[in-house]
Amino acid sequence: MQAYERPGWFTPQGHAPVPPYDWYGAYGTPKNKDRRYVDLLKGDLTFKFSKHHHVIGAECLSCREHVVVFDMSYFSKLYLTGPDAQEAADWLFTADTNGPLGNIVYSCILNKQGGIEGDCLVIPIGTGCGTLSDPIFKGRGFYIVAAGASASQSWAHLNTAIQQKGFKVALTNLSEDIGLLAVQGPKSRELLQNIIDADLSNEVFPYRTARIIKVAGHTVRALRTSFVGELGWELHIPWQSCIPVYNAIWEEGLKFGLRQAGYRALYSLSSEKGIRLWNADIKINDNPLEAGLTQTMRSEGDYLGKDALEEVMKRGITKRHAFFTIQEQVPLWGSEPIFRNDKLVGYLRRGEYGYAIGKSIGQGYVQESADTPVTKEFLQSGKYQLEVMGKRYDATLTLKSPLDPDNHRVMGIYDEPLPVRQ
């Protein structure tokens, strides 16, 4: 699998070309004379807020208030097909995938100890017209989308589990052949409706559904979903159609104030909405009960790791994922100690700044002790502090996402203003 480079943010100061890797003058190669790109990167070399903090914030707020486009082509795109496809999906995924075609399901992928090997979207699909985004196959199949950082991990784990059970299926990796453009924000529907041949209304195209549509004449699989907690669609596009589709989006988007956004904004927005990142907020030694992802665990049928989860439910979890915010304008990076009533109870896994709420956000796990079940009452009582660069700051714990915990925005309901930002 190829490695992908992705933009962290888009500089407003003008074009800063990314040169071929020149080893910075090592191994007998000359240093590149155009240093604009390297000089921009130096702005991140600080334990304070990055010099590009305001640029990333502008991308985030454009997403929350208008519309942005993310290039998420580095995400993993897999097809699961074959006579045992549904049986394999039942075993591989914790969520119920036996729903109608086009229904988007968020699921965990577990090992036999109940640890989270990955998380993904799983969409039941039928045979199509023969394009990369709409392939031809027999019977019922599945389209699987996993985040880029966990792409190789998810691919390897799913293949291993399939081989161990001997399922008669094919797991096809088309990550390098299908691009992914995500159009997100309150104006995303208005923008896309003008270049798409389908009705994007809530009644026809509800949240967490997928459809084969045409964008500017190109066949793509459109998913109404969001990694950032806004009204929006992911467009899964055959590689040769990516540029014309992007150009059509950009040309139409100029009418709506469309802005490009990088992965730094993506991570900030996702943390604000409560999205977990694999290998940061969730890892192999975390289970869905601890991670607050019980909604992914179906009660009916068997799946890999379910027996272990049932044992955990009997004895209780000893750690629990939570969000932390602080009032002071101090950046969080991850690994900061978490104190409850002056006792160390955990460490942050990840730190971001939430531009819509005007606060730093940390995600971490709270543990009273290694053998004491942690309760909701324990979590929501006590005084919390985070230690940042040797100084403690009062922190607020919440088990729900810091922004829009009731999921109004992803449903296209914008009846409440954003919080007042500092």
# chains A, B, ... in the order shown; residues from 1 in each chain; ligands from 1
>>> closest_atom_pairs(of="stretch 402-421 of chain A", to="stretch 200-210 of chain A", cutoff="10 Å", atoms="only C-alpha atoms", output="Markdown table")
| residue | atom | partner | partner_atom | distance |
| --- | --- | --- | --- | --- |
| A:Val410 | CA | A:Tyr207 | CA | 7.3 |
| A:Met411 | CA | A:Tyr207 | CA | 6.2 |
| A:Gly412 | CA | A:Asn202 | CA | 8.2 |
>>> write_last_selection(atoms="all heavy atoms", output="short mmCIF file (atom, residue, chain, number, x, y, z; two decimals), in the first residue's frame")
data_model
loop_
_atom_site.label_atom_id
_atom_site.label_comp_id
_atom_site.auth_asym_id
_atom_site.auth_seq_id
_atom_site.Cartn_x
_atom_site.Cartn_y
_atom_site.Cartn_z
N VAL A 410 -25.45 17.15 12.33
CA VAL A 410 -25.30 16.15 11.27
C VAL A 410 -26.63 15.85 10.60
O VAL A 410 -26.68 15.39 9.46
CB VAL A 410 -24.67 14.84 11.80
CG1 VAL A 410 -23.24 15.06 12.23
CG2 VAL A 410 -25.50 14.23 12.91
N MET A 411 -27.73 16.12 11.31
CA MET A 411 -29.06 15.93 10.74
C MET A 411 -29.50 17.14 9.93
O MET A 411 -30.61 17.16 9.39
CB MET A 411 -30.07 15.68 11.86
CG MET A 411 -29.73 14.50 12.76
SD MET A 411 -29.67 12.92 11.90
CE MET A 411 -31.39 12.70 11.50
N GLY A 412 -28.65 18.16 9.87
CA GLY A 412 -29.00 19.36 9.13
C GLY A 412 -29.86 20.33 9.93
O GLY A 412 -30.48 21.23 9.35
#
>>> residues_around(residues="A:Ala280", least_positions_apart="5", cutoff="12 Å", atoms="only C-alpha atoms", output="list in words")
Ile116, Gly118, Ala149, Ser150, Tyr267, Ser271, Ile275, Asn285, Asp286, Ala291, His321, Trp333, Gly334, Ser335, Tyr347, Leu348, Arg349, Arg350, Gly351, Gly362, Gln363, Gly364 and Tyr365 of chain A
>>> write_last_selection(atoms="N, CA and C atoms", output="PDB file, in the first residue's frame")
ATOM      1  N   ILE A 116     -10.015  -3.271  20.682  1.00  0.00           N
ATOM      2  CA  ILE A 116     -10.409  -2.624  19.431  1.00  0.00           C
ATOM      3  C   ILE A 116      -9.244  -2.636  18.442  1.00  0.00           C
ATOM      4  N   GLY A 118      -9.750  -1.839  15.313  1.00  0.00           N
ATOM      5  CA  GLY A 118     -10.060  -0.798  14.350  1.00  0.00           C
ATOM      6  C   GLY A 118     -11.521  -0.416  14.461  1.00  0.00           C
ATOM      7  N   ALA A 149      -5.055   6.282   9.074  1.00  0.00           N
ATOM      8  CA  ALA A 149      -4.025   5.852  10.024  1.00  0.00           C
ATOM      9  C   ALA A 149      -4.172   4.388  10.402  1.00  0.00           C
ATOM     10  N   SER A 150      -5.391   3.854  10.281  1.00  0.00           N
ATOM     11  CA  SER A 150      -5.625   2.452  10.639  1.00  0.00           C
ATOM     12  C   SER A 150      -5.850   1.580   9.407  1.00  0.00           C
ATOM     13  N   TYR A 267      -8.872  16.943  12.492  1.00  0.00           N
ATOM     14  CA  TYR A 267      -8.667  16.375  13.825  1.00  0.00           C
ATOM     15  C   TYR A 267      -9.297  17.247  14.910  1.00  0.00           C
ATOM     16  N   SER A 271     -12.503  15.934  17.211  1.00  0.00           N
ATOM     17  CA  SER A 271     -12.438  15.848  18.665  1.00  0.00           C
ATOM     18  C   SER A 271     -13.548  16.667  19.301  1.00  0.00           C
ATOM     19  N   ILE A 275     -15.453  12.315  18.020  1.00  0.00           N
ATOM     20  CA  ILE A 275     -14.987  11.185  17.228  1.00  0.00           C
ATOM     21  C   ILE A 275     -13.706  10.638  17.842  1.00  0.00           C
ATOM     22  N   ASN A 285      -5.709  -2.295  23.303  1.00  0.00           N
ATOM     23  CA  ASN A 285      -5.952  -2.674  24.697  1.00  0.00           C
ATOM     24  C   ASN A 285      -7.128  -1.910  25.322  1.00  0.00           C
ATOM     25  N   ASP A 286      -7.964  -1.275  24.490  1.00  0.00           N
ATOM     26  CA  ASP A 286      -9.227  -0.687  24.933  1.00  0.00           C
ATOM     27  C   ASP A 286     -10.370  -1.510  24.344  1.00  0.00           C
ATOM     28  N   ALA A 291     -14.389   2.504  25.996  1.00  0.00           N
ATOM     29  CA  ALA A 291     -14.267   3.633  25.066  1.00  0.00           C
ATOM     30  C   ALA A 291     -15.558   4.417  24.902  1.00  0.00           C
ATOM     31  N   HIS A 321     -13.352   6.161  29.025  1.00  0.00           N
ATOM     32  CA  HIS A 321     -13.009   7.297  28.170  1.00  0.00           C
ATOM     33  C   HIS A 321     -13.837   8.512  28.567  1.00  0.00           C
ATOM     34  N   TRP A 333      -1.573  18.503  24.172  1.00  0.00           N
ATOM     35  CA  TRP A 333      -0.912  17.719  23.141  1.00  0.00           C
ATOM     36  C   TRP A 333      -1.169  16.224  23.262  1.00  0.00           C
ATOM     37  N   GLY A 334      -1.567  15.772  24.454  1.00  0.00           N
ATOM     38  CA  GLY A 334      -1.654  14.348  24.744  1.00  0.00           C
ATOM     39  C   GLY A 334      -0.588  13.972  25.748  1.00  0.00           C
ATOM     40  N   SER A 335      -0.866  12.976  26.566  1.00  0.00           N
ATOM     41  CA  SER A 335       0.017  12.465  27.631  1.00  0.00           C
ATOM     42  C   SER A 335       0.009  13.332  28.889  1.00  0.00           C
ATOM     43  N   TYR A 347      -4.098   9.609  32.006  1.00  0.00           N
ATOM     44  CA  TYR A 347      -3.358  10.524  31.128  1.00  0.00           C
ATOM     45  C   TYR A 347      -4.184  10.776  29.871  1.00  0.00           C
ATOM     46  N   LEU A 348      -4.039  11.948  29.301  1.00  0.00           N
ATOM     47  CA  LEU A 348      -4.705  12.239  28.036  1.00  0.00           C
ATOM     48  C   LEU A 348      -4.097  11.395  26.921  1.00  0.00           C
ATOM     49  N   ARG A 349      -4.929  10.926  26.037  1.00  0.00           N
ATOM     50  CA  ARG A 349      -4.457  10.234  24.837  1.00  0.00           C
ATOM     51  C   ARG A 349      -4.153  11.231  23.708  1.00  0.00           C
ATOM     52  N   ARG A 350      -4.986  12.296  23.669  1.00  0.00           N
ATOM     53  CA  ARG A 350      -4.870  13.252  22.553  1.00  0.00           C
ATOM     54  C   ARG A 350      -5.337  14.618  23.024  1.00  0.00           C
ATOM     55  N   GLY A 351      -4.741  15.666  22.484  1.00  0.00           N
ATOM     56  CA  GLY A 351      -5.168  17.025  22.762  1.00  0.00           C
ATOM     57  C   GLY A 351      -5.406  17.798  21.480  1.00  0.00           C
ATOM     58  N   GLY A 362      -9.206  17.600  25.590  1.00  0.00           N
ATOM     59  CA  GLY A 362      -8.400  16.402  25.757  1.00  0.00           C
ATOM     60  C   GLY A 362      -9.291  15.177  25.816  1.00  0.00           C
ATOM     61  N   GLN A 363      -8.809  14.079  25.258  1.00  0.00           N
ATOM     62  CA  GLN A 363      -9.498  12.797  25.398  1.00  0.00           C
ATOM     63  C   GLN A 363      -8.575  11.853  26.150  1.00  0.00           C
ATOM     64  N   GLY A 364      -9.106  11.207  27.166  1.00  0.00           N
ATOM     65  CA  GLY A 364      -8.308  10.296  27.960  1.00  0.00           C
ATOM     66  C   GLY A 364      -9.175   9.330  28.730  1.00  0.00           C
ATOM     67  N   TYR A 365      -8.525   8.460  29.509  1.00  0.00           N
ATOM     68  CA  TYR A 365      -9.227   7.436  30.289  1.00  0.00           C
ATOM     69  C   TYR A 365      -8.990   7.680  31.772  1.00  0.00           C
TER      70      TYR A 365
END
>>> select_by_dssp(residues="stretch 55-119 of chain A", states="strand (DSSP E)", output="PyMOL selection string")
chain A and resi 68-71+76-81+105-110+116-119
>>> write_last_selection(atoms="C-alpha atoms", output="tab-separated table (two decimals), in the first residue's frame")
chain	number	residue	atom	x	y	z
A	68	VAL	CA	-15.34	23.19	3.31
A	69	VAL	CA	-13.91	20.36	1.24
A	70	PHE	CA	-11.51	17.77	2.66
A	71	ASP	CA	-9.39	15.48	0.51
A	76	SER	CA	-9.09	2.83	3.36
A	77	LYS	CA	-11.77	1.60	0.93
A	78	LEU	CA	-12.53	-2.14	0.86
A	79	TYR	CA	-15.10	-4.43	-0.75
A	80	LEU	CA	-16.25	-7.63	0.97
A	81	THR	CA	-18.02	-9.98	-1.47
A	105	VAL	CA	-23.29	1.33	10.05
A	106	TYR	CA	-20.49	2.45	12.37
A	107	SER	CA	-18.76	-0.58	13.89
A	108	CYS	CA	-15.75	-1.68	15.88
A	109	ILE	CA	-13.47	-4.52	14.82
A	110	LEU	CA	-12.28	-6.57	17.80
A	116	ILE	CA	-10.41	-2.62	19.43
A	117	GLU	CA	-8.36	-3.54	16.37
A	118	GLY	CA	-10.06	-0.80	14.35
A	119	ASP	CA	-13.30	1.06	13.68
>>> closest_atom_pairs(of="stretch 256-284 of chain A", to="stretch 215-234 of chain A", cutoff="10 Å", atoms="only C-alpha atoms", output="CSV")
residue,atom,partner,partner_atom,distance
A:Ala265,CA,A:Val228,CA,9.1
A:Leu266,CA,A:Val228,CA,6.6
A:Tyr267,CA,A:Val228,CA,8.2
A:Ser268,CA,A:Val228,CA,8.4
A:Leu269,CA,A:Val228,CA,5.1
A:Ser270,CA,A:Val228,CA,4.5
A:Ser271,CA,A:Val228,CA,8.0
A:Glu272,CA,A:Val228,CA,7.9
A:Lys273,CA,A:Gly229,CA,5.5
A:Gly274,CA,A:Gly229,CA,8.5
A:Ile275,CA,A:Phe227,CA,7.1
A:Arg276,CA,A:Phe227,CA,9.8
>>> residues_around(residues="stretch 83-92 of chain A", least_positions_apart="3", cutoff="8 Å", atoms="only C-alpha atoms", output="VMD selection string")
chain A and resid 80 96 to 98 109 to 110 138 to 142 158 161 to 162 167 to 169 301 to 304
>>> residues_around(residues="A:Phe324", least_positions_apart="2", cutoff="12 Å", atoms="only C-alpha atoms", output="ChimeraX atom specification")
/A:271-272,274,321-322,326-327,332,334,336-340,346-354,359-366,379-380,383-387,393-402
>>> select_by_dssp(residues="stretch 151-323 of chain A", states="helix (DSSP H, G or I)", output="VMD selection string")
chain A and resid 151 to 165 188 to 193 239 to 256 263 to 273 288 to 291 294 to 296 306 to 315
>>> closest_residue(among="A:Leu41, A:Leu171, A:Ile237, A:Val55", to="A:Leu132", atoms="only C-alpha atoms")
A:Ile237
>>> residues_around(residues="A:Leu254", least_positions_apart="5", cutoff="10 Å", atoms="only C-alpha atoms", output="MDAnalysis selection string")
chainID A and resid 191 249 259
>>> atom_distance(atom1="atom CA of A:Pro186", atom2="atom CA of A:Gly148")
25.3 Å
>>> closest_residue(among="A:Cys129, A:Ile284, A:Ala198, A:Ile213", to="A:His157", atoms="only C-alpha atoms")
A:Ile284
>>> residues_around(residues="stretch 312-316 of chain A", least_positions_apart="3", cutoff="12 Å", atoms="only C-alpha atoms", output="list in words")
Gln113, Gly114, Gly115, Asp286, Asn287, Pro288, Leu289, Glu290, Thr294, Gly305, Lys306, Asp307, Ala308, Leu309, Lys319, Arg320, Ala370, Asp371, Thr372, Pro373, Val374, Thr375 and Lys376 of chain A
>>> write_last_selection(atoms="N, CA and C atoms", output="PDB file, in the first residue's frame")
ATOM      1  N   GLN A 113      -9.782 -10.916  22.591  1.00  0.00           N
ATOM      2  CA  GLN A 113      -9.778 -10.369  23.957  1.00  0.00           C
ATOM      3  C   GLN A 113     -10.753  -9.201  24.108  1.00  0.00           C
ATOM      4  N   GLY A 114     -11.423  -8.835  23.033  1.00  0.00           N
ATOM      5  CA  GLY A 114     -12.366  -7.727  23.060  1.00  0.00           C
ATOM      6  C   GLY A 114     -11.726  -6.386  22.808  1.00  0.00           C
ATOM      7  N   GLY A 115     -10.408  -6.354  22.494  1.00  0.00           N
ATOM      8  CA  GLY A 115      -9.718  -5.107  22.216  1.00  0.00           C
ATOM      9  C   GLY A 115     -10.046  -4.581  20.833  1.00  0.00           C
ATOM     10  N   ASP A 286      -7.964  -1.275  24.490  1.00  0.00           N
ATOM     11  CA  ASP A 286      -9.227  -0.687  24.933  1.00  0.00           C
ATOM     12  C   ASP A 286     -10.370  -1.510  24.344  1.00  0.00           C
ATOM     13  N   ASN A 287     -11.472  -1.597  25.070  1.00  0.00           N
ATOM     14  CA  ASN A 287     -12.655  -2.258  24.507  1.00  0.00           C
ATOM     15  C   ASN A 287     -13.783  -1.252  24.362  1.00  0.00           C
ATOM     16  N   PRO A 288     -14.833  -1.579  23.605  1.00  0.00           N
ATOM     17  CA  PRO A 288     -15.911  -0.603  23.361  1.00  0.00           C
ATOM     18  C   PRO A 288     -16.608  -0.132  24.628  1.00  0.00           C
ATOM     19  N   LEU A 289     -16.675  -0.968  25.666  1.00  0.00           N
ATOM     20  CA  LEU A 289     -17.289  -0.554  26.924  1.00  0.00           C
ATOM     21  C   LEU A 289     -16.478   0.556  27.568  1.00  0.00           C
ATOM     22  N   GLU A 290     -15.184   0.410  27.576  1.00  0.00           N
ATOM     23  CA  GLU A 290     -14.300   1.419  28.157  1.00  0.00           C
ATOM     24  C   GLU A 290     -14.273   2.691  27.310  1.00  0.00           C
ATOM     25  N   THR A 294     -20.547   1.682  23.272  1.00  0.00           N
ATOM     26  CA  THR A 294     -21.487   0.566  23.441  1.00  0.00           C
ATOM     27  C   THR A 294     -22.544   0.537  22.345  1.00  0.00           C
ATOM     28  N   GLY A 305     -14.749 -11.458  19.637  1.00  0.00           N
ATOM     29  CA  GLY A 305     -14.542 -10.630  20.814  1.00  0.00           C
ATOM     30  C   GLY A 305     -15.741 -10.504  21.730  1.00  0.00           C
ATOM     31  N   LYS A 306     -16.899 -11.004  21.306  1.00  0.00           N
ATOM     32  CA  LYS A 306     -18.115 -10.823  22.117  1.00  0.00           C
ATOM     33  C   LYS A 306     -18.023 -11.552  23.449  1.00  0.00           C
ATOM     34  N   ASP A 307     -17.478 -12.749  23.465  1.00  0.00           N
ATOM     35  CA  ASP A 307     -17.357 -13.499  24.722  1.00  0.00           C
ATOM     36  C   ASP A 307     -16.539 -12.714  25.739  1.00  0.00           C
ATOM     37  N   ALA A 308     -15.459 -12.107  25.276  1.00  0.00           N
ATOM     38  CA  ALA A 308     -14.614 -11.325  26.184  1.00  0.00           C
ATOM     39  C   ALA A 308     -15.363 -10.106  26.718  1.00  0.00           C
ATOM     40  N   LEU A 309     -16.166  -9.470  25.871  1.00  0.00           N
ATOM     41  CA  LEU A 309     -16.934  -8.305  26.314  1.00  0.00           C
ATOM     42  C   LEU A 309     -17.986  -8.696  27.351  1.00  0.00           C
ATOM     43  N   LYS A 319     -11.684   1.349  33.671  1.00  0.00           N
ATOM     44  CA  LYS A 319     -11.295   2.643  33.111  1.00  0.00           C
ATOM     45  C   LYS A 319     -12.382   3.080  32.150  1.00  0.00           C
ATOM     46  N   ARG A 320     -12.473   4.406  31.938  1.00  0.00           N
ATOM     47  CA  ARG A 320     -13.537   4.924  31.067  1.00  0.00           C
ATOM     48  C   ARG A 320     -13.053   6.146  30.308  1.00  0.00           C
ATOM     49  N   ALA A 370      -6.515  -0.351  39.339  1.00  0.00           N
ATOM     50  CA  ALA A 370      -6.480  -1.406  38.330  1.00  0.00           C
ATOM     51  C   ALA A 370      -7.552  -2.462  38.540  1.00  0.00           C
ATOM     52  N   ASP A 371      -8.079  -2.585  39.765  1.00  0.00           N
ATOM     53  CA  ASP A 371      -9.060  -3.639  40.035  1.00  0.00           C
ATOM     54  C   ASP A 371     -10.374  -3.101  40.603  1.00  0.00           C
ATOM     55  N   THR A 372     -10.611  -1.787  40.504  1.00  0.00           N
ATOM     56  CA  THR A 372     -11.847  -1.200  41.012  1.00  0.00           C
ATOM     57  C   THR A 372     -12.722  -0.746  39.846  1.00  0.00           C
ATOM     58  N   PRO A 373     -13.937  -1.278  39.713  1.00  0.00           N
ATOM     59  CA  PRO A 373     -14.818  -0.818  38.638  1.00  0.00           C
ATOM     60  C   PRO A 373     -15.071   0.680  38.746  1.00  0.00           C
ATOM     61  N   VAL A 374     -15.007   1.366  37.620  1.00  0.00           N
ATOM     62  CA  VAL A 374     -15.242   2.797  37.593  1.00  0.00           C
ATOM     63  C   VAL A 374     -16.702   3.045  37.225  1.00  0.00           C
ATOM     64  N   THR A 375     -17.398   3.832  38.028  1.00  0.00           N
ATOM     65  CA  THR A 375     -18.820   4.080  37.821  1.00  0.00           C
ATOM     66  C   THR A 375     -19.046   5.477  37.252  1.00  0.00           C
ATOM     67  N   LYS A 376     -20.252   5.681  36.738  1.00  0.00           N
ATOM     68  CA  LYS A 376     -20.609   6.993  36.213  1.00  0.00           C
ATOM     69  C   LYS A 376     -20.606   8.026  37.329  1.00  0.00           C
TER      70      LYS A 376
END
>>> residues_around(residues="stretch 179-181 of chain A", least_positions_apart="2", cutoff="8 Å", atoms="only C-alpha atoms", output="list in words")
Val69, Phe70, Asp71, Met72, Ser73, Tyr74, Phe75, Ser175, Glu176, Asp177, Val183, Glu234, Leu235, His236, Ile237, Pro238, Trp239, Cys242 and Tyr246 of chain A
>>> atom_distance(atom1="atom CA of A:Asn279", atom2="atom CA of A:Thr94")
18.3 Å
>>> decode(residues="stretch 298-375 of chain A", atoms="C-alpha atoms", output="PDB file, in the first residue's frame")
ATOM      1  CA  ARG A 298     -25.241  -5.605  18.978  1.00  0.00           C
ATOM      2  CA  SER A 299     -27.011  -7.938  21.380  1.00  0.00           C
ATOM      3  CA  GLU A 300     -28.034 -10.591  18.852  1.00  0.00           C
ATOM      4  CA  GLY A 301     -25.675 -13.107  17.309  1.00  0.00           C
ATOM      5  CA  ASP A 302     -22.012 -13.870  17.859  1.00  0.00           C
ATOM      6  CA  TYR A 303     -18.990 -11.868  16.744  1.00  0.00           C
ATOM      7  CA  LEU A 304     -15.257 -11.902  17.311  1.00  0.00           C
ATOM      8  CA  GLY A 305     -14.542 -10.630  20.814  1.00  0.00           C
ATOM      9  CA  LYS A 306     -18.115 -10.823  22.117  1.00  0.00           C
ATOM     10  CA  ASP A 307     -17.357 -13.499  24.722  1.00  0.00           C
ATOM     11  CA  ALA A 308     -14.614 -11.325  26.184  1.00  0.00           C
ATOM     12  CA  LEU A 309     -16.934  -8.305  26.314  1.00  0.00           C
ATOM     13  CA  GLU A 310     -19.559 -10.307  28.171  1.00  0.00           C
ATOM     14  CA  GLU A 311     -16.966 -11.198  30.808  1.00  0.00           C
ATOM     15  CA  VAL A 312     -16.040  -7.524  31.123  1.00  0.00           C
ATOM     16  CA  MET A 313     -19.702  -6.609  31.589  1.00  0.00           C
ATOM     17  CA  LYS A 314     -19.975  -9.109  34.447  1.00  0.00           C
ATOM     18  CA  ARG A 315     -17.038  -7.738  36.417  1.00  0.00           C
ATOM     19  CA  GLY A 316     -17.295  -4.090  35.356  1.00  0.00           C
ATOM     20  CA  ILE A 317     -14.857  -1.793  33.553  1.00  0.00           C
ATOM     21  CA  THR A 318     -11.935  -0.295  35.466  1.00  0.00           C
ATOM     22  CA  LYS A 319     -11.295   2.643  33.111  1.00  0.00           C
ATOM     23  CA  ARG A 320     -13.537   4.924  31.067  1.00  0.00           C
ATOM     24  CA  HIS A 321     -13.009   7.297  28.170  1.00  0.00           C
ATOM     25  CA  ALA A 322     -13.901  10.933  28.835  1.00  0.00           C
ATOM     26  CA  PHE A 323     -13.494  14.418  27.370  1.00  0.00           C
ATOM     27  CA  PHE A 324     -11.813  17.232  29.254  1.00  0.00           C
ATOM     28  CA  THR A 325     -11.902  20.969  28.592  1.00  0.00           C
ATOM     29  CA  ILE A 326     -10.062  23.806  30.300  1.00  0.00           C
ATOM     30  CA  GLN A 327     -10.922  27.515  30.390  1.00  0.00           C
ATOM     31  CA  GLU A 328      -7.358  28.806  30.063  1.00  0.00           C
ATOM     32  CA  GLN A 329      -5.987  29.341  26.557  1.00  0.00           C
ATOM     33  CA  VAL A 330      -3.343  26.640  26.866  1.00  0.00           C
ATOM     34  CA  PRO A 331      -2.677  23.966  24.218  1.00  0.00           C
ATOM     35  CA  LEU A 332      -3.037  20.259  25.005  1.00  0.00           C
ATOM     36  CA  TRP A 333      -0.912  17.719  23.141  1.00  0.00           C
ATOM     37  CA  GLY A 334      -1.654  14.348  24.744  1.00  0.00           C
ATOM     38  CA  SER A 335       0.017  12.465  27.631  1.00  0.00           C
ATOM     39  CA  GLU A 336      -0.886  15.216  30.145  1.00  0.00           C
ATOM     40  CA  PRO A 337      -1.660  13.750  33.613  1.00  0.00           C
ATOM     41  CA  ILE A 338      -5.299  13.729  34.774  1.00  0.00           C
ATOM     42  CA  PHE A 339      -5.922  14.403  38.470  1.00  0.00           C
ATOM     43  CA  ARG A 340      -9.143  13.811  40.390  1.00  0.00           C
ATOM     44  CA  ASN A 341      -9.187  15.290  43.888  1.00  0.00           C
ATOM     45  CA  ASP A 342      -5.379  15.563  43.661  1.00  0.00           C
ATOM     46  CA  LYS A 343      -4.999  11.852  42.823  1.00  0.00           C
ATOM     47  CA  LEU A 344      -3.521  10.757  39.496  1.00  0.00           C
ATOM     48  CA  VAL A 345      -6.261   8.845  37.640  1.00  0.00           C
ATOM     49  CA  GLY A 346      -4.990   8.751  34.061  1.00  0.00           C
ATOM     50  CA  TYR A 347      -3.358  10.524  31.128  1.00  0.00           C
ATOM     51  CA  LEU A 348      -4.705  12.239  28.036  1.00  0.00           C
ATOM     52  CA  ARG A 349      -4.457  10.234  24.837  1.00  0.00           C
ATOM     53  CA  ARG A 350      -4.870  13.252  22.553  1.00  0.00           C
ATOM     54  CA  GLY A 351      -5.168  17.025  22.762  1.00  0.00           C
ATOM     55  CA  GLU A 352      -6.801  19.415  20.293  1.00  0.00           C
ATOM     56  CA  TYR A 353      -8.163  22.940  20.307  1.00  0.00           C
ATOM     57  CA  GLY A 354     -11.911  23.325  19.733  1.00  0.00           C
ATOM     58  CA  TYR A 355     -12.328  26.552  17.805  1.00  0.00           C
ATOM     59  CA  ALA A 356     -16.128  26.559  17.914  1.00  0.00           C
ATOM     60  CA  ILE A 357     -16.195  26.228  21.703  1.00  0.00           C
ATOM     61  CA  GLY A 358     -13.057  28.309  22.267  1.00  0.00           C
ATOM     62  CA  LYS A 359     -11.372  25.725  24.500  1.00  0.00           C
ATOM     63  CA  SER A 360      -8.678  23.070  24.444  1.00  0.00           C
ATOM     64  CA  ILE A 361     -10.068  19.524  24.400  1.00  0.00           C
ATOM     65  CA  GLY A 362      -8.400  16.402  25.757  1.00  0.00           C
ATOM     66  CA  GLN A 363      -9.498  12.797  25.398  1.00  0.00           C
ATOM     67  CA  GLY A 364      -8.308  10.296  27.960  1.00  0.00           C
ATOM     68  CA  TYR A 365      -9.227   7.436  30.289  1.00  0.00           C
ATOM     69  CA  VAL A 366     -10.010   7.722  33.990  1.00  0.00           C
ATOM     70  CA  GLN A 367      -9.139   4.823  36.304  1.00  0.00           C
ATOM     71  CA  GLU A 368      -9.615   4.703  40.084  1.00  0.00           C
ATOM     72  CA  SER A 369      -7.418   1.623  40.403  1.00  0.00           C
ATOM     73  CA  ALA A 370      -6.480  -1.406  38.330  1.00  0.00           C
ATOM     74  CA  ASP A 371      -9.060  -3.639  40.035  1.00  0.00           C
ATOM     75  CA  THR A 372     -11.847  -1.200  41.012  1.00  0.00           C
ATOM     76  CA  PRO A 373     -14.818  -0.818  38.638  1.00  0.00           C
ATOM     77  CA  VAL A 374     -15.242   2.797  37.593  1.00  0.00           C
ATOM     78  CA  THR A 375     -18.820   4.080  37.821  1.00  0.00           C
TER      79      THR A 375
END
